[in-house]
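Visitor: This is data03.cif (mmCIF, C-alpha atoms).
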```cif
data_entry
#
loop_
_atom_site.label_atom_id
_atom_site.label_comp_id
_atom_site.auth_asym_id
_atom_site.auth_seq_id
_atom_site.Cartn_x
_atom_site.Cartn_y
_atom_site.Cartn_z
CA MET A 1 22.13 120.01 -143.58
CA ASN A 2 22.75 121.60 -146.96
CA ARG A 3 20.53 124.21 -148.59
CA ARG A 4 19.19 121.91 -151.29
CA LEU A 5 17.96 119.40 -148.73
CA PHE A 6 16.31 122.28 -146.84
CA ILE A 7 14.51 123.47 -149.96
CA LEU A 8 13.30 119.96 -150.81
CA ALA A 9 12.00 119.55 -147.26
CA ALA A 10 10.20 122.90 -147.48
CA PHE A 11 8.51 121.87 -150.72
CA ALA A 12 7.52 118.51 -149.25
CA LEU A 13 5.92 120.19 -146.24
CA GLY A 14 4.32 123.00 -148.21
CA GLY A 15 3.13 121.09 -151.24
CA CYS A 16 3.73 121.89 -154.87
CA ALA A 17 2.20 124.76 -156.78
CA THR A 18 1.86 124.97 -160.53
CA VAL A 19 1.10 128.17 -162.41
CA ALA A 20 0.67 128.94 -166.09
CA ALA A 21 3.02 131.92 -165.99
CA PRO A 22 5.93 132.24 -163.54
CA PRO A 23 5.70 135.06 -160.99
CA ARG A 24 7.84 138.11 -161.57
CA VAL A 25 10.50 137.68 -158.92
CA ALA A 26 14.12 138.72 -159.33
CA THR A 27 16.52 135.83 -159.72
CA GLY A 28 19.71 135.52 -157.72
CA PRO A 29 23.05 134.12 -158.77
CA ARG A 30 23.07 130.51 -159.97
CA THR A 31 25.00 129.37 -156.87
CA PHE A 32 22.10 130.46 -154.64
CA GLY A 33 19.25 129.62 -157.00
CA GLU A 34 17.37 127.60 -154.36
CA LEU A 35 17.09 130.48 -151.89
CA GLU A 36 14.70 133.40 -152.26
CA PRO A 37 16.44 136.57 -153.44
CA LEU A 38 15.88 139.39 -150.95
CA TYR A 39 15.54 143.08 -151.74
CA ALA A 40 16.46 144.05 -148.17
CA ALA A 41 17.03 142.63 -144.70
CA GLN A 42 17.01 144.49 -141.40
CA ALA A 43 17.76 143.23 -137.92
CA GLY A 44 15.87 145.15 -135.27
CA ARG A 45 15.01 145.02 -131.61
CA GLU A 46 12.01 142.74 -132.16
CA GLY A 47 13.33 140.50 -134.94
CA LEU A 48 14.45 140.17 -138.55
CA THR A 49 12.54 141.85 -141.39
CA ILE A 50 13.07 140.84 -145.01
CA ARG A 51 11.77 142.42 -148.23
CA VAL A 52 10.90 139.93 -150.96
CA GLY A 53 9.35 139.98 -154.42
CA SER A 54 5.56 139.79 -154.51
CA ASN A 55 2.85 139.60 -157.12
CA GLY A 56 0.38 140.89 -154.53
CA CYS A 57 -0.39 137.84 -152.39
CA THR A 58 2.91 136.99 -150.68
CA ASP A 59 2.47 136.26 -146.98
CA ARG A 60 4.64 135.01 -144.10
CA ALA A 61 2.95 131.62 -144.37
CA ASP A 62 4.45 131.30 -147.87
CA PHE A 63 7.96 131.17 -146.39
CA ALA A 64 10.01 128.68 -144.42
CA PHE A 65 13.20 129.54 -142.60
CA TYR A 66 16.19 127.45 -141.66
CA VAL A 67 18.46 128.27 -138.73
CA GLU A 68 21.89 126.67 -138.34
CA ARG A 69 24.22 127.45 -135.46
CA ARG A 70 27.80 128.17 -136.62
CA GLY A 71 30.36 128.87 -133.92
CA ASP A 72 29.48 132.17 -132.27
CA GLY A 73 26.91 133.08 -134.92
CA VAL A 74 23.87 131.67 -136.60
CA ALA A 75 23.17 131.18 -140.33
CA VAL A 76 19.59 131.91 -141.42
CA ALA A 77 18.03 131.12 -144.80
CA PHE A 78 14.56 131.88 -146.16
CA ALA A 79 12.80 129.84 -148.85
CA ARG A 80 9.44 130.27 -150.52
CA LYS A 81 7.02 127.37 -149.84
CA HIS A 82 4.20 128.62 -152.05
CA VAL A 83 4.41 130.47 -155.36
CA ASP A 84 2.67 133.86 -155.43
CA ALA A 85 0.45 133.36 -158.48
CA CYS A 86 -1.55 136.58 -158.04
CA LYS A 87 -1.84 139.09 -160.84
CA SER A 88 -2.51 142.08 -158.65
CA PHE A 89 -2.02 145.78 -159.20
CA ALA A 90 0.27 145.67 -156.13
CA GLN A 91 3.12 143.78 -157.85
CA GLY A 92 6.53 144.59 -156.51
CA SER A 93 7.75 143.72 -153.06
CA THR A 94 6.55 143.20 -149.52
CA GLU A 95 8.12 143.12 -146.07
CA LEU A 96 7.88 140.06 -143.85
CA ALA A 97 8.85 140.24 -140.17
CA PHE A 98 10.05 137.28 -138.11
CA THR A 99 10.56 137.71 -134.35
CA TRP A 100 13.75 136.57 -132.63
CA GLU A 101 11.64 134.21 -130.51
CA GLU A 102 10.03 132.74 -133.63
CA LEU A 103 13.48 132.17 -135.14
CA GLY A 104 14.66 130.61 -131.86
CA LEU A 105 17.37 133.23 -131.36
CA ALA A 106 18.41 135.69 -128.68
CA PRO A 107 18.07 139.34 -129.85
CA ARG A 108 21.82 140.06 -129.86
CA THR A 109 22.92 136.86 -131.62
CA PRO A 110 25.10 137.57 -134.70
CA VAL A 111 23.11 136.42 -137.76
CA PHE A 112 24.58 135.51 -141.16
CA LEU A 113 21.97 135.65 -143.90
CA LEU A 114 22.46 133.01 -146.61
CA ASN A 115 20.00 134.43 -149.15
CA PRO A 116 21.30 136.51 -152.06
CA VAL A 117 20.43 140.21 -151.89
CA THR A 118 19.50 142.00 -155.10
CA ALA A 119 18.40 145.55 -155.96
CA TRP A 120 14.70 146.23 -156.39
CA THR A 121 14.24 148.18 -159.62
CA GLY A 122 10.53 148.86 -159.26
CA PRO A 123 7.19 147.13 -159.84
CA GLY A 124 7.13 144.60 -162.64
CA ALA A 125 10.88 144.74 -163.17
#
```
What does this structure look like when you write it as structure tokens?
Guide:
Amino acid sequence: MNRRLFILAAFALGGCATVAAPPRVATGPRTFGELEPLYAAQAGREGLTIRVGSNGCTDRADFAFYVERRGDGVAVAFARKHVDACKSFAQGSTELAFTWEELGLAPRTPVFLLNPVTAWTGPGA
């Protein structure tokens, strides 16, 4: 299954959201435009934690993940299902944690993250 099909399926399941002004979220390279740019990712004992752009209302329920087994490892991708249309003082980024069990993976499975990673330059950047 390719990434574009995954994103279309995520939008179909999550519904469409329309906002007057786009949220301030860093953009990744054009080749990975469909996947959410991440500010950080950390694999830990309990699961995988990602840091994503937020306008103040981003939640785990706003994201879908896709897991594809590849040889000895697993490819994981995260996509936003719902646009964060908040205009909160807390603009910037937020951490979202996903457990290994939730991802359907054993804790020591090698994971290849498909999302682009970009530097966070501060709130409102």
Visitor: Which residues match the PyMOL selection byres ((chain A and resi 52) around 7) in the file above, as a list in words?
Guide: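 That expression, the PyMOL selection byres ((chain A and resi 52) around 7), corresponds here to Pro37, Leu38, Tyr39, Ile50, Arg51, Gly53, Ser54, Ser93, Thr94 and Glu95 of chain A.
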Visitor: Using all atoms listed in the file for the distances, tell me which of A:Phe112, A:Phe98, A:Phe78, A:Trp120 is nearest to A:Ala64.
Guide: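 Checking each of A:Phe112, A:Phe98, A:Phe78, A:Trp120 against A:Ala64, counting all atoms listed in the file, the winner is A:Phe78.
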Visitor: Please identify all polymer residues lying at most 7 Å from the point (21.5, 142.1, -152.3) (file coordinates), using all atoms listed in the file, and present the result as a count of residues only.
Guide: 7
Visitor: As an exercise, work out the distance from atom CA of A:Arg80 to atom CA of A:Leu48 in Å and give it to one decimal place.
Guide: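 Those two atoms sit 16.3 Å apart.
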Visitor: Atom CA of A:His82 and atom CA of A:Gly44, how far apart in Å?
Guide: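 A separation of 26.3 Å between them.
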Visitor: For this file, the PyMOL selection byres ((chain A and resi 66) around 6) selects which residues, as an mmCIF file with C-alpha atoms, in the frame of the given file?
Guide:
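The result, written out as selection_16.cif:
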```
data_model
loop_
_atom_site.group_PDB
_atom_site.id
_atom_site.type_symbol
_atom_site.label_atom_id
_atom_site.label_comp_id
_atom_site.auth_asym_id
_atom_site.auth_seq_id
_atom_site.Cartn_x
_atom_site.Cartn_y
_atom_site.Cartn_z
ATOM 1 C CA PHE A 65 13.200 129.540 -142.600
ATOM 2 C CA VAL A 67 18.460 128.270 -138.730
ATOM 3 C CA VAL A 76 19.590 131.910 -141.420
ATOM 4 C CA ALA A 77 18.030 131.120 -144.800
#
```
Visitor: Quick one, how far is atom CA of A:Trp100 from atom CA of A:Glu46?
Guide: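 A separation of 6.4 Å between them.
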Visitor: Give me the result of the PyMOL selection byres ((chain A and resi 107) around 9) on this file, residue by residue, as a PDB file with C-alpha atoms, keeping the file's coordinate frame.
Guide:
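In the end it all went to selection.pdb:
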```pdb
ATOM      1  CA  ALA A  43      17.760 143.230-137.920  1.00  0.00           C
ATOM      2  CA  GLY A  44      15.870 145.150-135.270  1.00  0.00           C
ATOM      3  CA  ARG A  45      15.010 145.020-131.610  1.00  0.00           C
ATOM      4  CA  GLU A  46      12.010 142.740-132.160  1.00  0.00           C
ATOM      5  CA  GLY A  47      13.330 140.500-134.940  1.00  0.00           C
ATOM      6  CA  THR A  99      10.560 137.710-134.350  1.00  0.00           C
ATOM      7  CA  TRP A 100      13.750 136.570-132.630  1.00  0.00           C
ATOM      8  CA  GLU A 101      11.640 134.210-130.510  1.00  0.00           C
ATOM      9  CA  LEU A 105      17.370 133.230-131.360  1.00  0.00           C
ATOM     10  CA  ALA A 106      18.410 135.690-128.680  1.00  0.00           C
ATOM     11  CA  ARG A 108      21.820 140.060-129.860  1.00  0.00           C
ATOM     12  CA  THR A 109      22.920 136.860-131.620  1.00  0.00           C
ATOM     13  CA  PRO A 110      25.100 137.570-134.700  1.00  0.00           C
TER      14      PRO A 110
END
```
Visitor: Measuring between all atoms listed in the file, which one of A:Leu35, A:Asp62, A:Ala41, A:Leu114 shows the shortest distance to A:Asp84?
Guide: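 Residue with the minimum atom-to-atom distance to A:Asp84: A:Asp62.
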Visitor: For A:Ala75, which residue out of A:Thr121, A:Gly92, A:Glu36, A:Leu113 is the nearest one, using only C-alpha atoms?
Guide: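 That would be A:Leu113, the residue with the smallest distance to A:Ala75.
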